[in-house]
Each structure stands twice: as structure tokens, then as C-alpha cells.
>>> print(open('work.cif').read())   # mmCIF, N, CA, C and O atoms and all ligand atoms
data_query
#
loop_
_atom_site.label_atom_id
_atom_site.label_comp_id
_atom_site.auth_asym_id
_atom_site.auth_seq_id
_atom_site.Cartn_x
_atom_site.Cartn_y
_atom_site.Cartn_z
N MET A 8 12.75 4.19 -1.15
CA MET A 8 11.36 4.58 -1.39
C MET A 8 10.54 3.34 -1.72
O MET A 8 11.01 2.41 -2.33
N ALA A 9 9.29 3.42 -1.32
CA ALA A 9 8.36 2.34 -1.63
C ALA A 9 7.30 2.88 -2.60
O ALA A 9 7.17 4.09 -2.76
N ILE A 10 6.58 1.96 -3.22
CA ILE A 10 5.51 2.36 -4.13
C ILE A 10 4.17 2.06 -3.47
O ILE A 10 3.93 0.94 -3.03
N ASP A 11 3.33 3.05 -3.40
CA ASP A 11 1.96 2.85 -2.94
C ASP A 11 1.26 1.98 -3.98
O ASP A 11 1.14 2.38 -5.14
N PRO A 12 0.84 0.76 -3.60
CA PRO A 12 0.27 -0.15 -4.60
C PRO A 12 -1.08 0.30 -5.14
O PRO A 12 -1.52 -0.18 -6.18
N VAL A 13 -1.72 1.21 -4.45
CA VAL A 13 -3.05 1.65 -4.88
C VAL A 13 -2.95 2.73 -5.95
O VAL A 13 -3.51 2.62 -7.03
N CYS A 14 -2.20 3.79 -5.66
CA CYS A 14 -2.15 4.92 -6.59
C CYS A 14 -0.81 5.02 -7.31
O CYS A 14 -0.64 5.89 -8.15
N LYS A 15 0.13 4.12 -6.97
CA LYS A 15 1.44 4.04 -7.64
C LYS A 15 2.36 5.22 -7.34
O LYS A 15 3.37 5.39 -8.01
N MET A 16 2.02 6.02 -6.37
CA MET A 16 2.93 7.09 -5.95
C MET A 16 4.11 6.50 -5.21
O MET A 16 4.00 5.47 -4.56
N THR A 17 5.25 7.18 -5.27
CA THR A 17 6.36 6.77 -4.43
C THR A 17 6.12 7.33 -3.03
O THR A 17 5.66 8.46 -2.86
N VAL A 18 6.42 6.52 -2.03
CA VAL A 18 6.18 6.89 -0.64
C VAL A 18 7.45 6.65 0.15
O VAL A 18 8.05 5.58 0.07
N ASP A 19 7.87 7.65 0.90
CA ASP A 19 9.01 7.48 1.81
C ASP A 19 8.55 6.62 2.98
O ASP A 19 7.59 6.96 3.66
N GLU A 20 9.26 5.52 3.21
CA GLU A 20 8.84 4.60 4.28
C GLU A 20 8.73 5.31 5.63
O GLU A 20 7.91 4.95 6.46
N LYS A 21 9.58 6.29 5.85
CA LYS A 21 9.58 6.97 7.14
C LYS A 21 8.43 7.97 7.27
O LYS A 21 8.10 8.41 8.36
N GLN A 22 7.85 8.34 6.15
CA GLN A 22 6.79 9.35 6.18
C GLN A 22 5.47 8.83 5.66
O GLN A 22 4.55 9.61 5.39
N ALA A 23 5.36 7.52 5.54
CA ALA A 23 4.12 6.94 5.01
C ALA A 23 2.95 7.27 5.93
O ALA A 23 3.08 7.22 7.16
N ALA A 24 1.82 7.59 5.33
CA ALA A 24 0.63 7.92 6.12
C ALA A 24 0.02 6.67 6.73
O ALA A 24 -0.65 6.74 7.75
N ALA A 25 0.28 5.54 6.09
CA ALA A 25 -0.29 4.29 6.59
C ALA A 25 0.54 3.13 6.04
O ALA A 25 1.17 3.25 4.99
N THR A 26 0.54 2.03 6.78
CA THR A 26 1.21 0.83 6.30
C THR A 26 0.27 -0.35 6.52
O THR A 26 -0.64 -0.30 7.35
N ALA A 27 0.50 -1.40 5.76
CA ALA A 27 -0.28 -2.62 5.95
C ALA A 27 0.65 -3.80 5.66
O ALA A 27 1.52 -3.70 4.80
N VAL A 28 0.45 -4.88 6.40
CA VAL A 28 1.21 -6.09 6.14
C VAL A 28 0.26 -7.10 5.52
O VAL A 28 -0.80 -7.39 6.07
N TYR A 29 0.65 -7.58 4.36
CA TYR A 29 -0.19 -8.56 3.65
C TYR A 29 0.70 -9.68 3.18
O TYR A 29 1.70 -9.45 2.50
N GLN A 30 0.38 -10.89 3.60
CA GLN A 30 1.16 -12.08 3.25
C GLN A 30 2.65 -11.88 3.55
O GLN A 30 3.52 -12.22 2.76
N GLY A 31 2.92 -11.27 4.71
CA GLY A 31 4.29 -11.13 5.16
C GLY A 31 5.06 -9.98 4.55
O GLY A 31 6.23 -9.78 4.86
N VAL A 32 4.43 -9.21 3.69
CA VAL A 32 5.10 -8.09 3.03
C VAL A 32 4.47 -6.79 3.53
O VAL A 32 3.25 -6.68 3.62
N THR A 33 5.33 -5.82 3.87
CA THR A 33 4.82 -4.53 4.32
C THR A 33 4.64 -3.60 3.12
O THR A 33 5.55 -3.44 2.31
N TYR A 34 3.48 -2.99 3.05
CA TYR A 34 3.18 -2.02 1.98
C TYR A 34 2.98 -0.65 2.61
O TYR A 34 2.47 -0.54 3.73
N TYR A 35 3.39 0.36 1.87
CA TYR A 35 3.32 1.74 2.36
C TYR A 35 2.35 2.54 1.51
O TYR A 35 2.30 2.36 0.29
N PHE A 36 1.62 3.44 2.18
CA PHE A 36 0.58 4.19 1.50
C PHE A 36 0.74 5.68 1.72
O PHE A 36 1.17 6.12 2.79
N CYS A 37 0.31 6.44 0.72
CA CYS A 37 0.41 7.90 0.81
C CYS A 37 -0.69 8.46 1.71
O CYS A 37 -0.57 9.57 2.21
N ALA A 38 -1.76 7.72 1.87
CA ALA A 38 -2.91 8.20 2.63
C ALA A 38 -3.68 7.03 3.22
O ALA A 38 -3.60 5.91 2.70
N VAL A 39 -4.40 7.30 4.27
CA VAL A 39 -5.19 6.24 4.91
C VAL A 39 -6.22 5.68 3.93
O VAL A 39 -6.53 4.49 3.95
N GLY A 40 -6.76 6.54 3.08
CA GLY A 40 -7.73 6.08 2.10
C GLY A 40 -7.17 5.02 1.17
O GLY A 40 -7.87 4.09 0.77
N CYS A 41 -5.89 5.15 0.82
CA CYS A 41 -5.27 4.15 -0.03
C CYS A 41 -5.13 2.83 0.71
O CYS A 41 -5.34 1.76 0.15
N LYS A 42 -4.78 2.90 1.99
CA LYS A 42 -4.69 1.67 2.78
C LYS A 42 -6.04 0.98 2.85
O LYS A 42 -6.15 -0.23 2.71
N ARG A 43 -7.09 1.74 3.06
CA ARG A 43 -8.43 1.15 3.16
C ARG A 43 -8.80 0.46 1.84
O ARG A 43 -9.34 -0.64 1.84
N ALA A 44 -8.51 1.11 0.75
CA ALA A 44 -8.82 0.52 -0.56
C ALA A 44 -8.05 -0.77 -0.74
O ALA A 44 -8.57 -1.79 -1.22
N PHE A 45 -6.77 -0.75 -0.34
CA PHE A 45 -5.93 -1.94 -0.46
C PHE A 45 -6.48 -3.08 0.38
O PHE A 45 -6.57 -4.23 -0.08
N GLU A 46 -6.86 -2.80 1.60
CA GLU A 46 -7.32 -3.85 2.50
C GLU A 46 -8.64 -4.46 2.03
O GLU A 46 -8.93 -5.61 2.34
N GLN A 47 -9.42 -3.70 1.31
CA GLN A 47 -10.70 -4.24 0.83
C GLN A 47 -10.49 -5.24 -0.29
O GLN A 47 -11.24 -6.21 -0.41
N SER A 48 -9.49 -5.02 -1.12
CA SER A 48 -9.24 -5.98 -2.20
C SER A 48 -7.76 -5.94 -2.60
O SER A 48 -7.40 -5.40 -3.64
N PRO A 49 -6.90 -6.49 -1.73
CA PRO A 49 -5.46 -6.43 -1.99
C PRO A 49 -5.05 -7.09 -3.30
O PRO A 49 -4.14 -6.59 -3.98
N GLU A 50 -5.72 -8.17 -3.67
CA GLU A 50 -5.32 -8.87 -4.90
C GLU A 50 -5.46 -7.96 -6.13
O GLU A 50 -4.70 -8.05 -7.08
N LYS A 51 -6.47 -7.11 -6.06
CA LYS A 51 -6.71 -6.21 -7.20
C LYS A 51 -5.52 -5.30 -7.44
O LYS A 51 -5.17 -5.00 -8.58
N TYR A 52 -4.88 -4.87 -6.35
CA TYR A 52 -3.78 -3.91 -6.49
C TYR A 52 -2.43 -4.59 -6.65
O TYR A 52 -1.48 -3.97 -7.10
N LEU A 53 -2.35 -5.87 -6.28
CA LEU A 53 -1.07 -6.55 -6.36
C LEU A 53 -0.91 -7.34 -7.65
O LEU A 53 0.19 -7.71 -8.01
N SER A 54 -2.00 -7.60 -8.34
CA SER A 54 -1.88 -8.34 -9.59
C SER A 54 -1.10 -7.50 -10.59
O SER A 54 -1.36 -6.32 -10.77
N LYS A 55 -0.15 -8.13 -11.22
CA LYS A 55 0.71 -7.39 -12.13
C LYS A 55 0.13 -7.38 -13.55
O LYS A 55 -0.32 -8.40 -14.02
ZN ZN B 1 -1.88 6.44 -2.44
#
>>> encode(input="work.cif", output="C-alpha cells")
Amino acid sequence: MAIDPVCKMTVDEKQAAATAVYQGVTYYFCAVGCKRAFEQSPEKYLSK
């Protein structure tokens, strides 16, 4: 399972609604809206 970096939900890689590759890493999203939010400001969601 992967973690949606936007909403922190667990996402099954095979059933992800959307994916994005950022700096060589693939991220999985529960919904297209989460992917859009991520792409607008990825650093915001990846900062720990
Ligand atoms: Zn999400």
C-alpha cells in the first residue's frame, strides 16, 4: 500500500485513481483532485 501524500489515506497501487512522478518517485492518489493539489505545490505535501 502507498500513502496519498495529500490526504494521508492509504491507497492500493493497483487501484489508485491517479499517480504522479515527482523527482523520480511515483506517488499514488485516492482521487484526481488530490493529484492536482499535489502537482500545484508538491513541496508542501512532501515536507515532513
Ligand atoms: Zn487523497
>>> residues_near_ligand(input="work.cif", ligand="ligand ZN 1 (chain B)", cutoff="5 Å", atoms="all atoms listed in the file", output="ChimeraX atom specification")
/A:14,36-38,41
>>> select_by_dssp(input="work.cif", residues="chain A", states="alpha helix (DSSP H)", output="JSON, numbers by chain")
{"A": [39, 40, 41, 42, 43, 44, 45, 46, 47, 49, 50, 51, 52, 53]}
>>> residues_near_point(input="work.cif", point="(-1.3, -1.2, 3.6)", cutoff="7 Å", atoms="all atoms listed in the file", output="MDAnalysis selection string")
chainID A and resid 25:29 33:36 41:43 45:46
